[in-house]
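Colleague: File follows, final-v1.pdb with PDB, C-alpha atoms:
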ATOM      1  CA  MET B   1     -20.245  33.326 -24.591
ATOM      2  CA  SER B   2     -21.817  32.011 -27.787
ATOM      3  CA  ASP B   3     -18.295  31.047 -28.969
ATOM      4  CA  SER B   4     -18.583  27.879 -26.948
ATOM      5  CA  LEU B   5     -22.025  26.923 -28.302
ATOM      6  CA  PRO B   6     -22.512  24.460 -31.170
ATOM      7  CA  PRO B   7     -22.853  26.480 -34.433
ATOM      8  CA  GLU B   8     -26.136  24.681 -35.188
ATOM      9  CA  LEU B   9     -27.566  25.973 -31.892
ATOM     10  CA  VAL B  10     -26.423  29.536 -32.628
ATOM     11  CA  ASP B  11     -28.091  29.301 -36.038
ATOM     12  CA  LEU B  12     -31.358  27.939 -34.615
ATOM     13  CA  ARG B  13     -31.421  30.695 -32.010
ATOM     14  CA  ARG B  14     -31.090  33.295 -34.761
ATOM     15  CA  SER B  15     -34.135  31.813 -36.498
ATOM     16  CA  ILE B  16     -36.058  31.786 -33.202
ATOM     17  CA  ASP B  17     -35.162  35.454 -32.653
ATOM     18  CA  ASN B  18     -36.374  36.344 -36.159
ATOM     19  CA  ILE B  19     -39.656  34.504 -35.594
ATOM     20  CA  ASP B  20     -40.132  36.188 -32.204
ATOM     21  CA  ALA B  21     -39.618  39.625 -33.761
ATOM     22  CA  ALA B  22     -42.270  38.806 -36.382
ATOM     23  CA  VAL B  23     -44.703  37.564 -33.714
ATOM     24  CA  VAL B  24     -44.168  40.657 -31.539
ATOM     25  CA  HIS B  25     -44.971  42.911 -34.492
ATOM     26  CA  LEU B  26     -48.079  40.885 -35.337
ATOM     27  CA  LEU B  27     -49.224  41.021 -31.720
ATOM     28  CA  ALA B  28     -48.714  44.801 -31.722
ATOM     29  CA  GLU B  29     -50.994  44.977 -34.760
ATOM     30  CA  ARG B  30     -53.487  42.594 -33.135
ATOM     31  CA  PHE B  31     -53.755  44.815 -30.059
ATOM     32  CA  LYS B  32     -54.330  47.826 -32.301
ATOM     33  CA  CYS B  33     -57.330  45.936 -33.701
ATOM     34  CA  THR B  34     -58.622  44.822 -30.301
ATOM     35  CA  GLN B  35     -58.253  48.329 -28.911
ATOM     36  CA  GLN B  36     -60.520  49.549 -31.691
ATOM     37  CA  VAL B  37     -62.880  46.679 -30.826
ATOM     38  CA  GLY B  38     -62.760  47.757 -27.181
ATOM     39  CA  ARG B  39     -63.656  51.351 -27.996
ATOM     40  CA  LEU B  40     -66.460  50.206 -30.296
ATOM     41  CA  LYS B  41     -67.864  47.815 -27.681
ATOM     42  CA  ALA B  42     -67.684  50.461 -24.958
ATOM     43  CA  ALA B  43     -69.403  53.023 -27.223
ATOM     44  CA  GLN B  44     -72.201  50.555 -27.989
ATOM     45  CA  GLY B  45     -72.454  49.264 -24.424
ATOM     46  CA  MET B  46     -71.461  45.752 -25.521
ATOM     47  CA  PRO B  47     -69.882  43.418 -22.908
ATOM     48  CA  PRO B  48     -66.038  43.078 -23.049
ATOM     49  CA  ALA B  49     -66.128  39.275 -23.371
ATOM     50  CA  ASP B  50     -67.990  37.339 -26.059
ATOM     51  CA  PRO B  51     -68.008  33.592 -25.245
ATOM     52  CA  GLU B  52     -69.579  32.603 -28.596
ATOM     53  CA  ARG B  53     -66.907  34.458 -30.587
ATOM     54  CA  GLU B  54     -64.160  32.999 -28.371
ATOM     55  CA  GLU B  55     -65.473  29.479 -28.916
ATOM     56  CA  ALA B  56     -65.375  29.979 -32.695
ATOM     57  CA  GLN B  57     -61.834  31.429 -32.465
ATOM     58  CA  VAL B  58     -60.602  28.469 -30.423
ATOM     59  CA  ALA B  59     -62.124  25.905 -32.810
ATOM     60  CA  ARG B  60     -60.614  27.666 -35.843
ATOM     61  CA  LEU B  61     -57.150  28.097 -34.317
ATOM     62  CA  ARG B  62     -57.056  24.472 -33.167
ATOM     63  CA  GLU B  63     -57.743  23.390 -36.747
ATOM     64  CA  LEU B  64     -55.124  25.758 -38.175
ATOM     65  CA  ALA B  65     -52.599  24.603 -35.571
ATOM     66  CA  ASP B  66     -53.265  20.965 -36.318
ATOM     67  CA  ALA B  67     -52.734  21.546 -40.056
ATOM     68  CA  ALA B  68     -49.506  23.481 -39.344
ATOM     69  CA  GLY B  69     -48.067  20.806 -37.040
ATOM     70  CA  LEU B  70     -48.529  22.861 -33.864
ATOM     71  CA  ASP B  71     -50.052  21.226 -30.763
ATOM     72  CA  PRO B  72     -53.739  22.354 -30.825
ATOM     73  CA  VAL B  73     -53.773  22.352 -27.007
ATOM     74  CA  PHE B  74     -50.939  24.879 -27.031
ATOM     75  CA  ALA B  75     -52.708  26.982 -29.684
ATOM     76  CA  GLU B  76     -55.797  27.089 -27.466
ATOM     77  CA  LYS B  77     -53.742  28.031 -24.391
ATOM     78  CA  PHE B  78     -52.031  30.739 -26.429
ATOM     79  CA  LEU B  79     -55.333  32.203 -27.622
ATOM     80  CA  ASN B  80     -56.756  32.169 -24.080
ATOM     81  CA  PHE B  81     -53.616  33.930 -22.879
ATOM     82  CA  VAL B  82     -54.006  36.685 -25.485
ATOM     83  CA  ILE B  83     -57.792  36.985 -25.007
ATOM     84  CA  ALA B  84     -57.361  37.394 -21.230
ATOM     85  CA  GLU B  85     -55.108  40.391 -21.915
ATOM     86  CA  VAL B  86     -57.578  41.797 -24.449
ATOM     87  CA  ILE B  87     -60.514  41.521 -22.022
ATOM     88  CA  ASN B  88     -58.448  43.388 -19.426
ATOM     89  CA  HIS B  89     -57.875  46.155 -21.989
ATOM     90  CA  HIS B  90     -61.600  46.264 -22.853
ATOM     91  CA  ARG B  91     -62.529  46.555 -19.175
ATOM     92  CA  GLN B  92     -60.038  49.403 -18.753
ATOM     93  CA  ILE B  93     -61.448  51.216 -21.800
ATOM     94  CA  ALA B  94     -65.041  50.749 -20.523
ATOM     95  CA  GLU B  95     -64.115  51.906 -17.015
ATOM     96  CA  THR B  96     -62.264  55.050 -18.063
ATOM     97  CA  ARG B  97     -65.105  56.349 -20.206
TER      98      ARG B  97
ATOM     99  CA  MET Q   1     -75.445  35.965 -35.666
ATOM    100  CA  SER Q   2     -72.889  38.402 -37.096
ATOM    101  CA  ASP Q   3     -75.769  40.105 -38.982
ATOM    102  CA  SER Q   4     -76.571  42.029 -35.829
ATOM    103  CA  LEU Q   5     -72.960  43.137 -35.221
ATOM    104  CA  PRO Q   6     -71.630  46.556 -36.296
ATOM    105  CA  PRO Q   7     -69.879  46.146 -39.697
ATOM    106  CA  GLU Q   8     -66.751  47.769 -38.247
ATOM    107  CA  LEU Q   9     -66.591  45.044 -35.590
ATOM    108  CA  VAL Q  10     -67.006  42.271 -38.192
ATOM    109  CA  ASP Q  11     -64.183  43.831 -40.211
ATOM    110  CA  LEU Q  12     -61.857  44.132 -37.199
ATOM    111  CA  ARG Q  13     -62.549  40.511 -36.265
ATOM    112  CA  ARG Q  14     -61.542  39.425 -39.770
ATOM    113  CA  SER Q  15     -58.224  41.234 -39.351
ATOM    114  CA  ILE Q  16     -57.734  39.635 -35.928
ATOM    115  CA  ASP Q  17     -58.428  36.196 -37.433
ATOM    116  CA  ASN Q  18     -55.885  36.825 -40.199
ATOM    117  CA  ILE Q  19     -53.261  37.914 -37.676
ATOM    118  CA  ASP Q  20     -53.976  34.887 -35.465
ATOM    119  CA  ALA Q  21     -53.521  32.542 -38.432
ATOM    120  CA  ALA Q  22     -50.149  34.159 -39.179
ATOM    121  CA  VAL Q  23     -49.073  33.890 -35.524
ATOM    122  CA  VAL Q  24     -50.106  30.222 -35.312
ATOM    123  CA  HIS Q  25     -48.006  29.423 -38.384
ATOM    124  CA  LEU Q  26     -45.025  31.311 -36.986
ATOM    125  CA  LEU Q  27     -45.368  29.507 -33.656
ATOM    126  CA  ALA Q  28     -45.486  26.173 -35.522
ATOM    127  CA  GLU Q  29     -42.208  27.137 -37.181
ATOM    128  CA  ARG Q  30     -40.760  28.320 -33.860
ATOM    129  CA  PHE Q  31     -41.498  24.961 -32.220
ATOM    130  CA  LYS Q  32     -39.820  23.189 -35.146
ATOM    131  CA  CYS Q  33     -36.709  25.225 -34.282
ATOM    132  CA  THR Q  34     -36.943  24.608 -30.550
ATOM    133  CA  GLN Q  35     -37.493  20.891 -31.084
ATOM    134  CA  GLN Q  36     -34.222  20.806 -33.006
ATOM    135  CA  VAL Q  37     -32.655  22.778 -30.151
ATOM    136  CA  GLY Q  38     -34.077  20.233 -27.704
ATOM    137  CA  ARG Q  39     -32.600  17.284 -29.581
ATOM    138  CA  LEU Q  40     -29.258  19.061 -29.888
ATOM    139  CA  LYS Q  41     -29.187  19.935 -26.175
ATOM    140  CA  ALA Q  42     -30.145  16.397 -25.186
ATOM    141  CA  ALA Q  43     -27.479  14.937 -27.484
ATOM    142  CA  GLN Q  44     -24.834  17.207 -25.945
ATOM    143  CA  GLY Q  45     -26.106  16.784 -22.379
ATOM    144  CA  MET Q  46     -26.912  20.491 -22.117
ATOM    145  CA  PRO Q  47     -29.583  21.603 -19.586
ATOM    146  CA  PRO Q  48     -33.089  22.320 -21.029
ATOM    147  CA  ALA Q  49     -33.224  25.856 -19.600
ATOM    148  CA  ASP Q  50     -30.650  28.598 -20.235
ATOM    149  CA  PRO Q  51     -31.300  31.594 -17.935
ATOM    150  CA  GLU Q  52     -28.671  33.786 -19.621
ATOM    151  CA  ARG Q  53     -30.171  33.240 -23.078
ATOM    152  CA  GLU Q  54     -33.694  33.846 -21.702
ATOM    153  CA  GLU Q  55     -32.596  37.106 -20.095
ATOM    154  CA  ALA Q  56     -31.181  38.318 -23.423
ATOM    155  CA  GLN Q  57     -34.374  37.254 -25.222
ATOM    156  CA  VAL Q  58     -36.573  39.122 -22.740
ATOM    157  CA  ALA Q  59     -34.497  42.314 -22.990
ATOM    158  CA  ARG Q  60     -34.538  42.213 -26.800
ATOM    159  CA  LEU Q  61     -38.271  41.481 -27.077
ATOM    160  CA  ARG Q  62     -39.145  44.223 -24.596
ATOM    161  CA  GLU Q  63     -37.222  46.692 -26.777
ATOM    162  CA  LEU Q  64     -38.863  45.445 -29.983
ATOM    163  CA  ALA Q  65     -42.293  45.565 -28.334
ATOM    164  CA  ASP Q  66     -41.720  49.092 -27.106
ATOM    165  CA  ALA Q  67     -40.722  50.245 -30.601
ATOM    166  CA  ALA Q  68     -43.788  48.502 -32.104
ATOM    167  CA  GLY Q  69     -46.229  50.032 -29.609
ATOM    168  CA  LEU Q  70     -46.850  46.762 -27.738
ATOM    169  CA  ASP Q  71     -46.812  46.729 -23.934
ATOM    170  CA  PRO Q  72     -43.290  45.418 -23.048
ATOM    171  CA  VAL Q  73     -44.738  43.751 -19.939
ATOM    172  CA  PHE Q  74     -47.105  41.762 -22.142
ATOM    173  CA  ALA Q  75     -44.256  40.862 -24.535
ATOM    174  CA  GLU Q  76     -42.267  39.514 -21.582
ATOM    175  CA  LYS Q  77     -45.266  37.526 -20.297
ATOM    176  CA  PHE Q  78     -45.770  36.151 -23.805
ATOM    177  CA  LEU Q  79     -42.146  35.049 -24.118
ATOM    178  CA  ASN Q  80     -42.225  33.407 -20.678
ATOM    179  CA  PHE Q  81     -45.415  31.595 -21.687
ATOM    180  CA  VAL Q  82     -43.786  30.225 -24.849
ATOM    181  CA  ILE Q  83     -40.472  29.384 -23.139
ATOM    182  CA  ALA Q  84     -42.305  27.428 -20.408
ATOM    183  CA  GLU Q  85     -43.807  25.254 -23.147
ATOM    184  CA  VAL Q  86     -40.442  24.858 -24.855
ATOM    185  CA  ILE Q  87     -38.707  23.775 -21.627
ATOM    186  CA  ASN Q  88     -41.445  21.169 -21.147
ATOM    187  CA  HIS Q  89     -40.706  19.863 -24.632
ATOM    188  CA  HIS Q  90     -36.954  19.799 -23.945
ATOM    189  CA  ARG Q  91     -37.518  17.851 -20.712
ATOM    190  CA  GLN Q  92     -39.674  15.336 -22.581
ATOM    191  CA  ILE Q  93     -37.032  14.932 -25.290
ATOM    192  CA  ALA Q  94     -34.272  14.463 -22.665
ATOM    193  CA  GLU Q  95     -36.369  11.967 -20.672
ATOM    194  CA  THR Q  96     -37.364   9.809 -23.639
ATOM    195  CA  ARG Q  97     -33.824   9.354 -24.887
TER     196      ARG Q  97
END
Do you think you could lay out the structure here as structure tokens?

Modeller:
Amino acid sequence: MSDSLPPELVDLRRSIDNIDAAVVHLLAERFKCTQQVGRLKAAQGMPPADPEREEAQVARLRELADAAGLDPVFAEKFLNFVIAEVINHHRQIAETR
Amino acid sequence: MSDSLPPELVDLRRSIDNIDAAVVHLLAERFKCTQQVGRLKAAQGMPPADPEREEAQVARLRELADAAGLDPVFAEKFLNFVIAEVINHHRQIAETR
């Protein structure tokens, strides 16, 4: 199938696949951290969500994205997407205690 | 504010922030690749979306996620989230030619 694709496209797709593998491994590590956070919060009776922390995370990531040439709006959407999953995990941890 | 937080939580948040910075930089690099893909596809009159490629990407990322201890369902949602943004970019590139 890829025989008929422009070689430049095949090459770019290989780079995209490498980047995706790196991101998946980083996200796996991130969820290990947030699962520890979830257990800690549940043990201390802290709420799963923390709007002040999330606001600081968004502001920081938007700045980092801007400096790296990534659309800050996308960076914010991405963080919200990940945080929504994390809050789900925290709720599950709190509920199963 | 963070004075009142458990030190373990502060430490975990620092790790999460480091991971997020790495992910943002990788995503910046990924969009550089997909923008080149977009220009190439537009130049060759190829459609912005490629369901066969996306299917292969999903299958591969689910496997990688599983091996890394990340929920494969989340990995698939993540990839779909990123691809949706990429297809938007490709459409914009094709339309502004």

Colleague: Produce a table with one row for each residue of chain B that has an atom at most 10 Å from any atom of chain Q, each row naming the nearest atom pair and its distance in Å at one decimal; use only C-alpha atoms; arrange rows by chain and rising residue number; format as a tab-separated table.

Modeller:
residue	atom	partner	partner_atom	distance
B:Met1	CA	Q:Glu52	CA	9.8
B:Ser2	CA	Q:Arg53	CA	9.7
B:Pro6	CA	Q:Leu40	CA	8.7
B:Glu8	CA	Q:Leu40	CA	8.3
B:Leu9	CA	Q:Val37	CA	6.3
B:Val10	CA	Q:Val37	CA	9.5
B:Asp11	CA	Q:Cys33	CA	9.7
B:Leu12	CA	Q:Cys33	CA	6.0
B:Arg13	CA	Q:Cys33	CA	7.9
B:Arg14	CA	Q:Cys33	CA	9.8
B:Ser15	CA	Q:Cys33	CA	7.4
B:Ile16	CA	Q:Arg30	CA	5.9
B:Asp17	CA	Q:Gln57	CA	7.7
B:Asn18	CA	Q:Arg30	CA	9.4
B:Ile19	CA	Q:Leu26	CA	6.4
B:Asp20	CA	Q:Leu61	CA	7.6
B:Ala21	CA	Q:Leu64	CA	7.0
B:Ala22	CA	Q:Leu26	CA	8.0
B:Val23	CA	Q:Val23	CA	6.0
B:Val24	CA	Q:Ala65	CA	6.2
B:His25	CA	Q:Ala68	CA	6.2
B:Leu26	CA	Q:Ile19	CA	6.4
B:Leu27	CA	Q:Leu70	CA	7.4
B:Ala28	CA	Q:Leu70	CA	4.8
B:Glu29	CA	Q:Ile19	CA	8.0
B:Arg30	CA	Q:Ile16	CA	5.9
B:Phe31	CA	Q:Leu70	CA	7.5
B:Lys32	CA	Q:Gly69	CA	8.8
B:Cys33	CA	Q:Leu12	CA	6.0
B:Thr34	CA	Q:Leu12	CA	7.7
B:Gln35	CA	Q:Leu12	CA	10.0
B:Gln36	CA	Q:Leu12	CA	7.8
B:Val37	CA	Q:Leu9	CA	6.3
B:Gly38	CA	Q:Leu9	CA	9.6
B:Leu40	CA	Q:Leu9	CA	7.4
B:Lys41	CA	Q:Leu9	CA	8.5
B:Gln44	CA	Q:Pro6	CA	9.2
B:Glu52	CA	Q:Met1	CA	9.8
B:Arg53	CA	Q:Arg13	CA	9.4
B:Gln57	CA	Q:Asp17	CA	7.7
B:Arg60	CA	Q:Asp17	CA	8.9
B:Leu61	CA	Q:Ala21	CA	7.1
B:Arg62	CA	Q:Val24	CA	9.3
B:Leu64	CA	Q:Ala21	CA	7.0
B:Ala65	CA	Q:Val24	CA	6.2
B:Asp66	CA	Q:Ala28	CA	9.4
B:Ala67	CA	Q:His25	CA	9.3
B:Ala68	CA	Q:Ala28	CA	6.2
B:Gly69	CA	Q:Ala28	CA	6.1
B:Leu70	CA	Q:Ala28	CA	4.8
B:Asp71	CA	Q:Ala28	CA	8.2
B:Pro72	CA	Q:Val24	CA	9.8
B:Phe74	CA	Q:Glu85	CA	8.1
B:Ala75	CA	Q:Val24	CA	7.0
B:Lys77	CA	Q:Phe81	CA	9.5
B:Phe78	CA	Q:Phe81	CA	8.2
B:Leu79	CA	Q:Asp20	CA	8.4
B:Phe81	CA	Q:Phe78	CA	8.2
B:Val82	CA	Q:Phe78	CA	8.4
B:Glu85	CA	Q:Phe74	CA	8.1

Colleague: Starting from the PyMOL selection byres ((chain B and resi 96) around 12), expand the selection into actual residues of this file and give them as an NGL selection string.

Modeller: :B and (38-39 or 42-43 or 89-95 or 97)

Colleague: Write the residues of the selection above to a file with C-alpha atoms, as a compact mmCIF listing (two decimals), in the frame of the given file.

Modeller:
# COMPACT_ATOMS: atom_id res chain seq x y z
CA GLY B 38 -62.76 47.76 -27.18
CA ARG B 39 -63.66 51.35 -28.00
CA ALA B 42 -67.68 50.46 -24.96
CA ALA B 43 -69.40 53.02 -27.22
CA HIS B 89 -57.88 46.16 -21.99
CA HIS B 90 -61.60 46.26 -22.85
CA ARG B 91 -62.53 46.56 -19.18
CA GLN B 92 -60.04 49.40 -18.75
CA ILE B 93 -61.45 51.22 -21.80
CA ALA B 94 -65.04 50.75 -20.52
CA GLU B 95 -64.11 51.91 -17.02
CA ARG B 97 -65.10 56.35 -20.21

Colleague: Present chain B as a PDB file with C-alpha atoms, in the coordinates of the input, least-squares fitted onto chain Q over all of its C-alpha atoms paired in order.

Modeller:
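This is the output file superposed.pdb:
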ATOM      1  CA  MET B   1     -75.434  35.977 -35.677  1.00  0.00           C
ATOM      2  CA  SER B   2     -72.880  38.401 -37.098  1.00  0.00           C
ATOM      3  CA  ASP B   3     -75.747  40.106 -38.996  1.00  0.00           C
ATOM      4  CA  SER B   4     -76.554  42.035 -35.861  1.00  0.00           C
ATOM      5  CA  LEU B   5     -72.961  43.162 -35.219  1.00  0.00           C
ATOM      6  CA  PRO B   6     -71.636  46.571 -36.291  1.00  0.00           C
ATOM      7  CA  PRO B   7     -69.878  46.153 -39.694  1.00  0.00           C
ATOM      8  CA  GLU B   8     -66.740  47.788 -38.259  1.00  0.00           C
ATOM      9  CA  LEU B   9     -66.578  45.062 -35.590  1.00  0.00           C
ATOM     10  CA  VAL B  10     -67.014  42.299 -38.182  1.00  0.00           C
ATOM     11  CA  ASP B  11     -64.190  43.840 -40.210  1.00  0.00           C
ATOM     12  CA  LEU B  12     -61.865  44.136 -37.200  1.00  0.00           C
ATOM     13  CA  ARG B  13     -62.557  40.528 -36.258  1.00  0.00           C
ATOM     14  CA  ARG B  14     -61.560  39.430 -39.756  1.00  0.00           C
ATOM     15  CA  SER B  15     -58.232  41.231 -39.350  1.00  0.00           C
ATOM     16  CA  ILE B  16     -57.739  39.640 -35.916  1.00  0.00           C
ATOM     17  CA  ASP B  17     -58.435  36.200 -37.413  1.00  0.00           C
ATOM     18  CA  ASN B  18     -55.888  36.819 -40.186  1.00  0.00           C
ATOM     19  CA  ILE B  19     -53.263  37.915 -37.660  1.00  0.00           C
ATOM     20  CA  ASP B  20     -53.977  34.886 -35.453  1.00  0.00           C
ATOM     21  CA  ALA B  21     -53.531  32.535 -38.415  1.00  0.00           C
ATOM     22  CA  ALA B  22     -50.162  34.164 -39.168  1.00  0.00           C
ATOM     23  CA  VAL B  23     -49.071  33.888 -35.519  1.00  0.00           C
ATOM     24  CA  VAL B  24     -50.115  30.221 -35.304  1.00  0.00           C
ATOM     25  CA  HIS B  25     -48.031  29.415 -38.379  1.00  0.00           C
ATOM     26  CA  LEU B  26     -45.039  31.309 -36.986  1.00  0.00           C
ATOM     27  CA  LEU B  27     -45.369  29.504 -33.662  1.00  0.00           C
ATOM     28  CA  ALA B  28     -45.488  26.169 -35.507  1.00  0.00           C
ATOM     29  CA  GLU B  29     -42.207  27.123 -37.177  1.00  0.00           C
ATOM     30  CA  ARG B  30     -40.765  28.317 -33.856  1.00  0.00           C
ATOM     31  CA  PHE B  31     -41.499  24.963 -32.218  1.00  0.00           C
ATOM     32  CA  LYS B  32     -39.829  23.191 -35.133  1.00  0.00           C
ATOM     33  CA  CYS B  33     -36.710  25.215 -34.292  1.00  0.00           C
ATOM     34  CA  THR B  34     -36.937  24.611 -30.543  1.00  0.00           C
ATOM     35  CA  GLN B  35     -37.487  20.900 -31.083  1.00  0.00           C
ATOM     36  CA  GLN B  36     -34.222  20.808 -33.002  1.00  0.00           C
ATOM     37  CA  VAL B  37     -32.654  22.782 -30.138  1.00  0.00           C
ATOM     38  CA  GLY B  38     -34.069  20.240 -27.690  1.00  0.00           C
ATOM     39  CA  ARG B  39     -32.600  17.294 -29.574  1.00  0.00           C
ATOM     40  CA  LEU B  40     -29.245  19.061 -29.865  1.00  0.00           C
ATOM     41  CA  LYS B  41     -29.185  19.932 -26.155  1.00  0.00           C
ATOM     42  CA  ALA B  42     -30.156  16.393 -25.162  1.00  0.00           C
ATOM     43  CA  ALA B  43     -27.468  14.927 -27.459  1.00  0.00           C
ATOM     44  CA  GLN B  44     -24.832  17.210 -25.928  1.00  0.00           C
ATOM     45  CA  GLY B  45     -26.093  16.789 -22.368  1.00  0.00           C
ATOM     46  CA  MET B  46     -26.906  20.504 -22.113  1.00  0.00           C
ATOM     47  CA  PRO B  47     -29.579  21.601 -19.579  1.00  0.00           C
ATOM     48  CA  PRO B  48     -33.085  22.324 -21.026  1.00  0.00           C
ATOM     49  CA  ALA B  49     -33.230  25.861 -19.596  1.00  0.00           C
ATOM     50  CA  ASP B  50     -30.663  28.592 -20.221  1.00  0.00           C
ATOM     51  CA  PRO B  51     -31.306  31.591 -17.919  1.00  0.00           C
ATOM     52  CA  GLU B  52     -28.664  33.790 -19.609  1.00  0.00           C
ATOM     53  CA  ARG B  53     -30.178  33.245 -23.066  1.00  0.00           C
ATOM     54  CA  GLU B  54     -33.689  33.841 -21.686  1.00  0.00           C
ATOM     55  CA  GLU B  55     -32.599  37.108 -20.090  1.00  0.00           C
ATOM     56  CA  ALA B  56     -31.186  38.316 -23.419  1.00  0.00           C
ATOM     57  CA  GLN B  57     -34.392  37.246 -25.228  1.00  0.00           C
ATOM     58  CA  VAL B  58     -36.583  39.121 -22.752  1.00  0.00           C
ATOM     59  CA  ALA B  59     -34.503  42.315 -22.990  1.00  0.00           C
ATOM     60  CA  ARG B  60     -34.557  42.200 -26.806  1.00  0.00           C
ATOM     61  CA  LEU B  61     -38.286  41.471 -27.088  1.00  0.00           C
ATOM     62  CA  ARG B  62     -39.150  44.224 -24.609  1.00  0.00           C
ATOM     63  CA  GLU B  63     -37.240  46.689 -26.784  1.00  0.00           C
ATOM     64  CA  LEU B  64     -38.875  45.434 -29.987  1.00  0.00           C
ATOM     65  CA  ALA B  65     -42.304  45.568 -28.339  1.00  0.00           C
ATOM     66  CA  ASP B  66     -41.740  49.089 -27.104  1.00  0.00           C
ATOM     67  CA  ALA B  67     -40.734  50.247 -30.602  1.00  0.00           C
ATOM     68  CA  ALA B  68     -43.793  48.504 -32.110  1.00  0.00           C
ATOM     69  CA  GLY B  69     -46.249  50.028 -29.625  1.00  0.00           C
ATOM     70  CA  LEU B  70     -46.859  46.762 -27.759  1.00  0.00           C
ATOM     71  CA  ASP B  71     -46.807  46.733 -23.938  1.00  0.00           C
ATOM     72  CA  PRO B  72     -43.294  45.408 -23.059  1.00  0.00           C
ATOM     73  CA  VAL B  73     -44.735  43.743 -19.939  1.00  0.00           C
ATOM     74  CA  PHE B  74     -47.094  41.754 -22.152  1.00  0.00           C
ATOM     75  CA  ALA B  75     -44.253  40.863 -24.545  1.00  0.00           C
ATOM     76  CA  GLU B  76     -42.262  39.514 -21.597  1.00  0.00           C
ATOM     77  CA  LYS B  77     -45.247  37.521 -20.299  1.00  0.00           C
ATOM     78  CA  PHE B  78     -45.782  36.144 -23.796  1.00  0.00           C
ATOM     79  CA  LEU B  79     -42.155  35.046 -24.132  1.00  0.00           C
ATOM     80  CA  ASN B  80     -42.217  33.402 -20.688  1.00  0.00           C
ATOM     81  CA  PHE B  81     -45.400  31.593 -21.688  1.00  0.00           C
ATOM     82  CA  VAL B  82     -43.783  30.226 -24.858  1.00  0.00           C
ATOM     83  CA  ILE B  83     -40.464  29.398 -23.141  1.00  0.00           C
ATOM     84  CA  ALA B  84     -42.277  27.426 -20.413  1.00  0.00           C
ATOM     85  CA  GLU B  85     -43.805  25.250 -23.145  1.00  0.00           C
ATOM     86  CA  VAL B  86     -40.431  24.866 -24.867  1.00  0.00           C
ATOM     87  CA  ILE B  87     -38.696  23.783 -21.641  1.00  0.00           C
ATOM     88  CA  ASN B  88     -41.421  21.172 -21.139  1.00  0.00           C
ATOM     89  CA  HIS B  89     -40.703  19.865 -24.651  1.00  0.00           C
ATOM     90  CA  HIS B  90     -36.940  19.798 -23.966  1.00  0.00           C
ATOM     91  CA  ARG B  91     -37.478  17.849 -20.743  1.00  0.00           C
ATOM     92  CA  GLN B  92     -39.665  15.346 -22.601  1.00  0.00           C
ATOM     93  CA  ILE B  93     -37.028  14.920 -25.326  1.00  0.00           C
ATOM     94  CA  ALA B  94     -34.265  14.448 -22.699  1.00  0.00           C
ATOM     95  CA  GLU B  95     -36.360  11.970 -20.707  1.00  0.00           C
ATOM     96  CA  THR B  96     -37.365   9.784 -23.643  1.00  0.00           C
ATOM     97  CA  ARG B  97     -33.811   9.291 -24.857  1.00  0.00           C
TER      98      ARG B  97
END

Colleague: I'd like the interatomic distance between atom CA of B:Pro47 and atom CA of Q:Asn80, to a tenth of an Å.

Modeller: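 Answer for the atom CA of B:Pro47 to atom CA of Q:Asn80 separation: 29.5 Å.
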
Colleague: With 4 Å added on each side, what axis-aligned box encloses every listed atom of stretch 51-70 of chain B? Give the centre and edge lengths in Å to one decimal, as JSON.

Modeller:
{"center_x": -58.8, "center_y": 27.6, "center_z": -32.7, "size_x": 29.5, "size_y": 21.7, "size_z": 22.8}

Colleague: Record the distance separating atom CA of B:Val58 and atom CA of Q:Ile87, expressed in Å with one decimal.

Modeller: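 Atom CA of Q:Ile87 lies 24.1 Å from atom CA of B:Val58.
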
Colleague: Which distance in Å separates atom CA of Q:Pro48 and atom CA of Q:Asn88, to one decimal?

Modeller: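 Separating atom CA of Q:Pro48 from atom CA of Q:Asn88 is a distance of 8.4 Å.
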